[in-house]
$ cat start14.tsv   # TSV, C-alpha atoms
chain	number	residue	atom	x	y	z
J	1	MET	CA	129.55	130.27	68.34
J	2	ALA	CA	127.59	129.42	71.51
J	3	ILE	CA	125.98	126.45	69.73
J	4	ASP	CA	129.37	125.14	68.63
J	5	LEU	CA	130.64	125.33	72.18
J	6	HIS	CA	127.63	123.35	73.35
J	7	LYS	CA	128.29	120.69	70.71
J	8	PHE	CA	131.94	120.56	71.68
J	9	GLN	CA	130.99	120.04	75.34
J	10	TRP	CA	128.78	117.08	74.43
J	11	LYS	CA	131.46	115.60	72.16
J	12	LEU	CA	133.93	115.91	75.00
J	13	ARG	CA	131.52	114.26	77.42
J	14	GLY	CA	130.86	111.41	74.97
J	15	TRP	CA	134.58	110.92	74.50
J	16	VAL	CA	135.22	110.86	78.27
J	17	ALA	CA	132.25	108.48	78.79
J	18	SER	CA	133.67	106.00	76.29
J	19	PHE	CA	136.64	105.38	78.64
J	20	LEU	CA	134.47	104.89	81.71
J	21	PRO	CA	132.39	101.95	82.94
J	22	PRO	CA	128.83	102.04	81.52
J	23	CYS	CA	125.77	103.35	83.36
J	24	GLU	CA	124.73	99.86	84.45
J	25	GLU	CA	127.97	99.49	86.45
J	26	ILE	CA	127.89	103.07	87.70
J	27	THR	CA	124.33	102.70	89.05
J	28	LYS	CA	125.50	99.72	91.13
J	29	GLY	CA	128.36	101.83	92.48
J	30	LEU	CA	126.04	104.77	93.22
J	31	SER	CA	123.71	102.51	95.18
J	32	ARG	CA	126.60	100.89	97.05
J	33	ALA	CA	127.97	104.34	97.90
J	34	LEU	CA	124.82	105.04	99.95
J	35	ASP	CA	125.80	102.18	102.27
J	36	GLN	CA	129.59	102.35	102.28
J	37	ARG	CA	132.05	105.09	101.38
J	38	PRO	CA	133.68	104.17	98.06
J	39	SER	CA	137.45	104.24	97.48
J	40	LEU	CA	139.09	107.38	96.11
J	41	LYS	CA	139.45	105.74	92.68
J	42	GLN	CA	135.77	104.70	92.63
J	43	ARG	CA	134.71	108.18	93.69
J	44	PHE	CA	136.82	109.73	90.92
J	45	ILE	CA	135.35	107.41	88.27
J	46	MET	CA	131.79	108.03	89.45
J	47	ARG	CA	132.31	111.79	89.57
J	48	LEU	CA	133.69	111.77	86.04
J	49	HIS	CA	130.83	109.59	84.81
J	50	LEU	CA	128.25	111.88	86.44
J	51	TYR	CA	129.84	114.82	84.60
J	52	THR	CA	129.12	113.04	81.33
J	53	CYS	CA	125.72	111.56	82.17
J	54	PRO	CA	122.58	113.50	83.17
J	55	TRP	CA	120.61	110.23	83.59
J	56	CYS	CA	122.94	108.73	86.20
J	57	THR	CA	122.92	112.14	87.91
J	58	ARG	CA	119.13	111.87	88.15
J	59	TYR	CA	119.35	108.22	89.19
J	60	ARG	CA	121.66	109.15	92.06
J	61	LYS	CA	119.38	111.90	93.31
J	62	GLN	CA	116.29	109.71	92.98
J	63	ILE	CA	117.61	106.65	94.83
J	64	LYS	CA	118.70	108.94	97.66
J	65	PHE	CA	115.11	110.16	97.74
J	66	VAL	CA	113.81	106.55	97.73
J	67	ASP	CA	115.92	105.82	100.83
J	68	GLU	CA	114.58	108.92	102.55
J	69	ALA	CA	110.97	108.15	101.59
J	70	VAL	CA	111.16	104.61	103.00
J	71	LYS	CA	112.69	105.97	106.23
J	72	GLN	CA	109.87	108.51	106.49
J	73	ARG	CA	107.26	105.82	105.81
J	74	GLY	CA	108.57	104.10	108.92
J	75	HIS	CA	107.60	107.19	110.95
J	76	ALA	CA	104.36	108.00	109.17
J	77	ASP	CA	101.91	106.65	111.76
J	78	SER	CA	98.77	108.16	110.43
J	79	ILE	CA	98.65	106.76	106.92
J	80	GLY	CA	95.16	105.31	106.62
J	81	LEU	CA	95.10	101.99	104.82
J	82	PRO	CA	92.14	101.26	102.54
J	83	ASP	CA	91.05	98.12	104.40
J	84	SER	CA	92.92	98.49	107.63
J	85	PHE	CA	92.28	97.26	111.13
J	86	ASN	CA	88.56	96.52	111.27
J	87	GLN	CA	86.04	95.64	113.93
J	88	ALA	CA	86.08	91.90	113.18
J	89	THR	CA	89.86	91.76	113.66
J	90	ALA	CA	89.60	93.76	116.88
J	91	GLU	CA	86.93	91.42	118.27
J	92	ARG	CA	88.97	88.33	117.36
J	93	ILE	CA	91.99	89.67	119.22
J	94	LYS	CA	89.90	90.73	122.22
J	95	ALA	CA	88.44	87.23	122.49
J	96	ARG	CA	91.95	85.72	122.50
J	97	LEU	CA	93.06	88.20	125.16
J	98	ARG	CA	90.08	87.41	127.37
J	99	GLN	CA	90.76	83.71	126.96
J	100	SER	CA	94.43	84.18	127.89
J	101	SER	CA	93.74	86.43	130.87
J	102	ASP	CA	91.25	83.88	132.29
J	103	GLN	CA	93.87	81.13	132.24
R	104	MET	CA	94.27	109.12	128.98
R	105	THR	CA	97.84	109.54	130.13
R	106	ALA	CA	100.12	106.76	131.25
R	107	SER	CA	100.62	108.19	134.72
R	108	GLU	CA	96.93	108.71	135.52
R	109	ASN	CA	95.34	105.47	134.59
R	110	ASP	CA	97.98	102.83	134.21
R	111	SER	CA	96.51	100.45	136.71
R	112	ASP	CA	92.99	100.67	135.24
R	113	PHE	CA	94.30	100.49	131.76
R	114	LEU	CA	96.60	97.56	132.34
R	115	SER	CA	93.85	95.68	134.14
R	116	ASP	CA	91.62	95.78	131.09
R	117	PRO	CA	93.59	94.54	128.11
R	118	SER	CA	90.56	94.60	125.83
R	119	LYS	CA	90.95	98.39	125.88
R	120	TRP	CA	94.42	98.01	124.39
R	121	VAL	CA	92.88	96.76	121.17
R	122	ASP	CA	90.56	99.78	120.82
R	123	HIS	CA	93.28	102.25	121.71
R	124	TYR	CA	96.28	100.89	119.89
R	125	GLY	CA	95.06	98.16	117.52
R	126	SER	CA	94.84	100.39	114.50
R	127	TYR	CA	98.18	102.11	115.12
R	128	LEU	CA	100.01	98.83	115.69
R	129	TYR	CA	98.39	97.21	112.68
R	130	ASN	CA	99.47	100.09	110.43
R	131	TYR	CA	102.98	99.89	111.87
R	132	ALA	CA	103.12	96.15	111.17
R	133	TYR	CA	101.60	96.50	107.70
R	134	SER	CA	104.15	99.16	106.71
R	135	ARG	CA	106.90	96.62	107.51
R	136	LEU	CA	105.35	93.37	106.30
R	137	HIS	CA	103.04	94.44	103.47
R	138	ASN	CA	100.80	91.50	104.18
R	139	ARG	CA	97.48	91.89	105.98
R	140	SER	CA	97.26	88.49	107.63
R	141	ALA	CA	100.90	88.59	108.77
R	142	ALA	CA	100.32	92.09	110.19
R	143	GLU	CA	97.25	90.86	112.07
R	144	ASP	CA	99.16	87.87	113.44
R	145	VAL	CA	102.04	89.91	114.82
R	146	VAL	CA	99.67	92.45	116.39
R	147	GLN	CA	97.81	89.62	118.09
R	148	GLU	CA	101.09	88.09	119.33
R	149	THR	CA	102.10	91.52	120.62
R	150	PHE	CA	98.95	91.90	122.74
R	151	LEU	CA	99.33	88.37	124.10
R	152	ALA	CA	102.99	88.99	125.00
R	153	ALA	CA	102.02	92.31	126.60
R	154	LEU	CA	99.33	90.57	128.63
R	155	LYS	CA	101.88	88.11	129.98
R	156	GLY	CA	104.50	90.76	130.59
R	157	ARG	CA	102.35	93.62	131.87
R	158	LYS	CA	103.77	93.32	135.37
R	159	ASN	CA	107.13	94.29	133.88
R	160	PHE	CA	105.75	97.46	132.39
R	161	ALA	CA	107.50	100.10	134.46
R	162	GLY	CA	105.56	103.05	133.14
R	163	GLU	CA	108.76	104.74	132.05
R	164	SER	CA	107.44	105.08	128.53
R	165	SER	CA	103.91	105.43	127.20
R	166	GLU	CA	101.90	102.26	126.65
R	167	ARG	CA	102.06	102.86	122.94
R	168	THR	CA	105.88	103.00	123.00
R	169	TRP	CA	105.94	99.87	125.18
R	170	LEU	CA	103.61	97.97	122.82
R	171	THR	CA	105.47	99.21	119.74
R	172	GLY	CA	108.73	97.91	121.21
R	173	ILE	CA	107.17	94.46	121.63
R	174	LEU	CA	105.67	94.61	118.14
R	175	ARG	CA	109.03	95.51	116.61
R	176	HIS	CA	110.56	92.35	118.10
R	177	LYS	CA	107.62	90.28	116.86
R	178	ILE	CA	108.07	91.63	113.32
R	179	ILE	CA	111.79	90.86	113.31
R	180	ASP	CA	111.08	87.38	114.72
R	181	HIS	CA	108.43	86.80	112.08
R	182	LEU	CA	110.91	87.63	109.30
R	183	ARG	CA	113.66	85.58	110.91
R	184	ARG	CA	111.36	82.53	111.09
R	185	ILE	CA	110.47	82.80	107.39
R	186	TYR	CA	114.07	83.00	106.16
R	187	ARG	CA	115.85	80.85	108.73
R	188	ASP	CA	117.35	77.73	107.10
R	189	ASN	CA	116.26	79.07	103.75
R	190	PRO	CA	119.33	80.74	102.24
R	191	GLU	CA	118.89	83.13	99.34
R	192	PRO	CA	119.76	81.43	96.03
R	193	GLU	CA	122.21	83.36	93.87
R	194	GLY	CA	119.87	85.34	91.65
R	195	GLU	CA	120.28	87.68	88.74
R	196	THR	CA	122.54	90.54	89.65
R	197	SER	CA	121.12	93.22	87.40
R	198	PRO	CA	117.80	94.64	88.54
R	199	GLY	CA	117.38	97.04	85.65
R	200	ALA	CA	116.49	94.52	82.94
R	201	GLY	CA	115.69	96.40	79.77
R	202	ALA	CA	116.78	99.72	81.20
R	203	PHE	CA	120.23	99.49	79.61
R	204	ARG	CA	121.31	98.97	76.00
R	205	GLU	CA	122.28	95.40	75.28
R	206	SER	CA	124.57	95.92	72.30
R	207	GLY	CA	126.46	98.46	70.24
R	208	ARG	CA	128.98	101.12	71.16
R	209	TRP	CA	126.89	102.28	74.13
R	210	LYS	CA	126.22	98.83	75.55
R	211	GLY	CA	125.37	99.03	79.26
R	212	HIS	CA	124.32	102.70	79.05
R	213	TRP	CA	120.72	103.85	79.59
R	214	ASN	CA	118.17	103.08	76.91
R	215	PRO	CA	116.87	106.56	75.98
R	216	ASP	CA	113.22	105.54	76.53
R	217	ARG	CA	113.97	103.91	79.90
R	218	SER	CA	116.33	106.51	81.33
R	219	PRO	CA	115.38	108.31	84.57
R	220	ALA	CA	112.85	111.10	84.03
R	221	ASP	CA	112.99	114.57	85.53
R	222	TRP	CA	111.29	114.53	88.98
R	223	GLY	CA	111.48	118.27	89.43
R	224	ASP	CA	113.65	120.26	91.79
R	225	SER	CA	112.28	119.11	95.11
R	226	PRO	CA	110.80	115.61	95.26
R	227	GLU	CA	110.92	116.06	99.08
R	228	ARG	CA	107.53	117.76	98.81
R	229	PHE	CA	105.99	114.35	97.92
R	230	LEU	CA	106.71	113.27	101.50
R	231	GLU	CA	103.91	115.53	102.70
R	232	SER	CA	101.30	113.57	100.74
R	233	GLU	CA	99.46	110.60	102.24
R	234	GLU	CA	98.65	109.41	98.75
R	235	PHE	CA	102.38	109.25	97.98
R	236	TYR	CA	102.95	106.85	100.87
R	237	ARG	CA	100.11	104.63	99.64
R	238	VAL	CA	101.81	104.41	96.24
R	239	LEU	CA	105.12	103.72	98.00
R	240	ASP	CA	103.48	100.89	99.99
R	241	GLU	CA	102.16	99.37	96.77
R	242	CYS	CA	105.61	99.63	95.18
R	243	ILE	CA	107.30	97.97	98.17
R	244	ALA	CA	104.70	95.18	98.06
R	245	LEU	CA	105.72	94.50	94.44
R	246	LEU	CA	109.33	93.74	95.40
R	247	SER	CA	110.26	90.12	96.03
R	248	ALA	CA	109.41	89.35	99.66
R	249	ARG	CA	113.00	88.92	100.84
R	250	THR	CA	114.20	92.05	99.02
R	251	ALA	CA	111.38	94.04	100.61
R	252	ALA	CA	112.25	92.58	104.03
R	253	ALA	CA	115.94	93.47	103.59
R	254	PHE	CA	115.15	97.04	102.58
R	255	VAL	CA	112.64	97.54	105.40
R	256	LEU	CA	114.95	96.16	108.09
R	257	TYR	CA	117.91	98.16	106.82
R	258	GLN	CA	116.23	101.48	106.03
R	259	MET	CA	113.10	101.63	108.20
R	260	GLU	CA	114.31	99.78	111.27
R	261	GLU	CA	117.93	100.92	110.78
R	262	ILE	CA	119.31	97.47	111.60
R	263	SER	CA	123.00	97.05	110.66
R	264	SER	CA	123.88	95.23	107.44
R	265	ASP	CA	125.61	92.40	109.38
R	266	GLU	CA	122.49	91.84	111.45
R	267	VAL	CA	120.19	91.94	108.40
R	268	CYS	CA	122.41	89.31	106.71
R	269	LYS	CA	122.02	87.04	109.76
R	270	LEU	CA	118.27	87.61	110.04
R	271	LEU	CA	117.54	86.88	106.40
R	272	SER	CA	120.24	84.22	105.81
R	273	VAL	CA	121.98	86.16	103.05
R	274	THR	CA	125.63	86.89	102.31
R	275	PRO	CA	126.85	90.51	102.42
R	276	THR	CA	127.25	90.49	98.62
R	277	ASN	CA	123.70	89.26	98.25
R	278	LEU	CA	122.46	91.97	100.57
R	279	TRP	CA	124.12	94.74	98.51
R	280	VAL	CA	122.53	93.30	95.36
R	281	MET	CA	119.14	93.22	97.11
R	282	LEU	CA	119.44	96.82	98.32
R	283	HIS	CA	120.44	97.97	94.83
R	284	ARG	CA	117.55	95.99	93.33
R	285	ALA	CA	115.10	97.49	95.83
R	286	ARG	CA	116.23	101.06	95.09
R	287	THR	CA	116.19	100.56	91.33
R	288	GLN	CA	112.76	98.92	91.28
R	289	LEU	CA	111.23	101.39	93.73
R	290	ARG	CA	112.62	104.28	91.68
R	291	GLN	CA	111.07	102.83	88.51
R	292	CYS	CA	107.77	102.06	90.23
R	293	LEU	CA	107.46	105.57	91.71
R	294	GLU	CA	108.32	107.11	88.35
R	295	ARG	CA	105.59	105.10	86.65
R	296	ASN	CA	102.89	105.33	89.32
R	297	TRP	CA	103.51	108.64	91.06
R	298	ILE	CA	105.51	110.98	88.80
R	299	GLY	CA	103.67	109.71	85.70
R	300	ARG	CA	100.24	109.86	87.31
R	301	LYS	CA	100.59	113.41	88.61
R	302	ASP	CA	100.97	114.90	85.12
$ encode --input "start14.tsv" --output "structure tokens"
Amino acid sequence: MAIDLHKFQWKLRGWVASFLPPCEEITKGLSRALDQRPSLKQRFIMRLHLYTCPWCTRYRKQIKFVDEAVKQRGHADSIGLPDSFNQATAERIKARLRQSSDQ
Amino acid sequence: MTASENDSDFLSDPSKWVDHYGSYLYNYAYSRLHNRSAAEDVVQETFLAALKGRKNFAGESSERTWLTGILRHKIIDHLRRIYRDNPEPEGETSPGAGAFRESGRWKGHWNPDRSPADWGDSPERFLESEEFYRVLDECIALLSARTAAAFVLYQMEEISSDEVCKLLSVTPTNLWVMLHRARTQLRQCLERNWIGRKD
């Protein structure tokens, strides 16, 4: 009986999904919603779609994480780059500074 | 050395700036521009501007904060110069090429083999890993240059969408498409190169 209920749930979700905009449209809306609050109608449609779609639910969570990661990267001072600021660059800049301060 | 103790000595010897702050400023610039020579150029411009303006340094903030403030303006100027008088052409609007089914009853829905994978309960733990940020840098560098610039200015520098549109000569609609494209492509890239690699 439990298995039948599970099947019924998925059939219901599939049926609901067939009336809603497809994932491609919903992902655009989910991304836009991070920048601007969507209308009530848009929110209702997205909520309903997310109920039917585990992949868009993951997409939503993951793009939120992408935003957060990029923000954090902006604060992460100490990330060592493989070929970062080297001695030759430093000397070049020092020479320019000396030249400018003599003028 | 603290700002209050040795400001006069420090400011009188700008070559010390490079040893003290060069690496930090370069990393800051690289994380925004993802281009080594551009990062070097803006750091150099920053030191030269600081040299000219050092009399105006009031000592209210640390030297590093002062120099970072100058650098931030140089980075924004650098991006503005690249995209000024060079409006974004109307490009493709769907960044997820191949990710969605192209025909049939479920047209526009995720392709099962391209749908988002499970990243576990708390991807936030990745943010503690230096290696993660290196992968993120590589993924950002793979975006088109203007899309990367838009995402960096908007997310990292927290510049308003109106201002980003002006800086990069794009329309608001174009900007939303670029932000969506950046998120979608970064998500895919991290899934392939970080989530996939960990297992």
$ interface_residues --input "start14.tsv" --of "chain J" --to "chain R" --cutoff "6 Å" --atoms "only C-alpha atoms" --output "PDB file with C-alpha atoms, in the coordinates of the input"
ATOM      1  CA  PRO J  22     128.830 102.040  81.520  1.00  0.00           C
ATOM      2  CA  CYS J  23     125.770 103.350  83.360  1.00  0.00           C
ATOM      3  CA  GLU J  24     124.730  99.860  84.450  1.00  0.00           C
ATOM      4  CA  SER J  31     123.710 102.510  95.180  1.00  0.00           C
ATOM      5  CA  TRP J  55     120.610 110.230  83.590  1.00  0.00           C
ATOM      6  CA  ILE J  63     117.610 106.650  94.830  1.00  0.00           C
ATOM      7  CA  LYS J  71     112.690 105.970 106.230  1.00  0.00           C
ATOM      8  CA  GLY J  74     108.570 104.100 108.920  1.00  0.00           C
ATOM      9  CA  PHE J  85      92.280  97.260 111.130  1.00  0.00           C
ATOM     10  CA  ILE J  93      91.990  89.670 119.220  1.00  0.00           C
ATOM     11  CA  LYS J  94      89.900  90.730 122.220  1.00  0.00           C
TER      12      LYS J  94
END
$ atom_distance --input "start14.tsv" --atom1 "CA of Trp10 in chain J" --atom2 "CA of Thr52 in chain J"
8.0 Å
$ closest_residue --input "start14.tsv" --among "R:Ala141, R:Thr276, R:Val238, R:Ile173" --to "Arg73 in chain J" --atoms "only C-alpha atoms"
R:Val238
$ atom_distance --input "start14.tsv" --atom1 "CA of Ala252 in chain R" --atom2 "CA of His75 in chain J"
16.8 Å
$ residues_near_point --input "start14.tsv" --point "(131.8, 113.6, 82.9)" --cutoff "9 Å" --atoms "only C-alpha atoms" --output "PyMOL selection string"
chain J and resi 12-14+16-17+45-53
$ closest_residue --input "start14.tsv" --among "R:Arg167, R:Gly156, R:Val145, R:Leu136" --to "His123 in chain R" --atoms "all atoms listed in the file"
R:Arg167
$ residues_near_point --input "start14.tsv" --point "(124.3, 86.0, 105.7)" --cutoff "12 Å" --atoms "all atoms listed in the file" --output "PyMOL selection string"
chain R and resi 183+186-192+253+264-279
$ atom_distance --input "start14.tsv" --atom1 "CA of Thr27 in chain J" --atom2 "CA of Cys56 in chain J"
6.8 Å
$ closest_residue --input "start14.tsv" --among "R:Leu174, R:Cys242, R:Ile179, R:Ile298" --to "Ile262 in chain R" --atoms "all atoms listed in the file"
R:Ile179
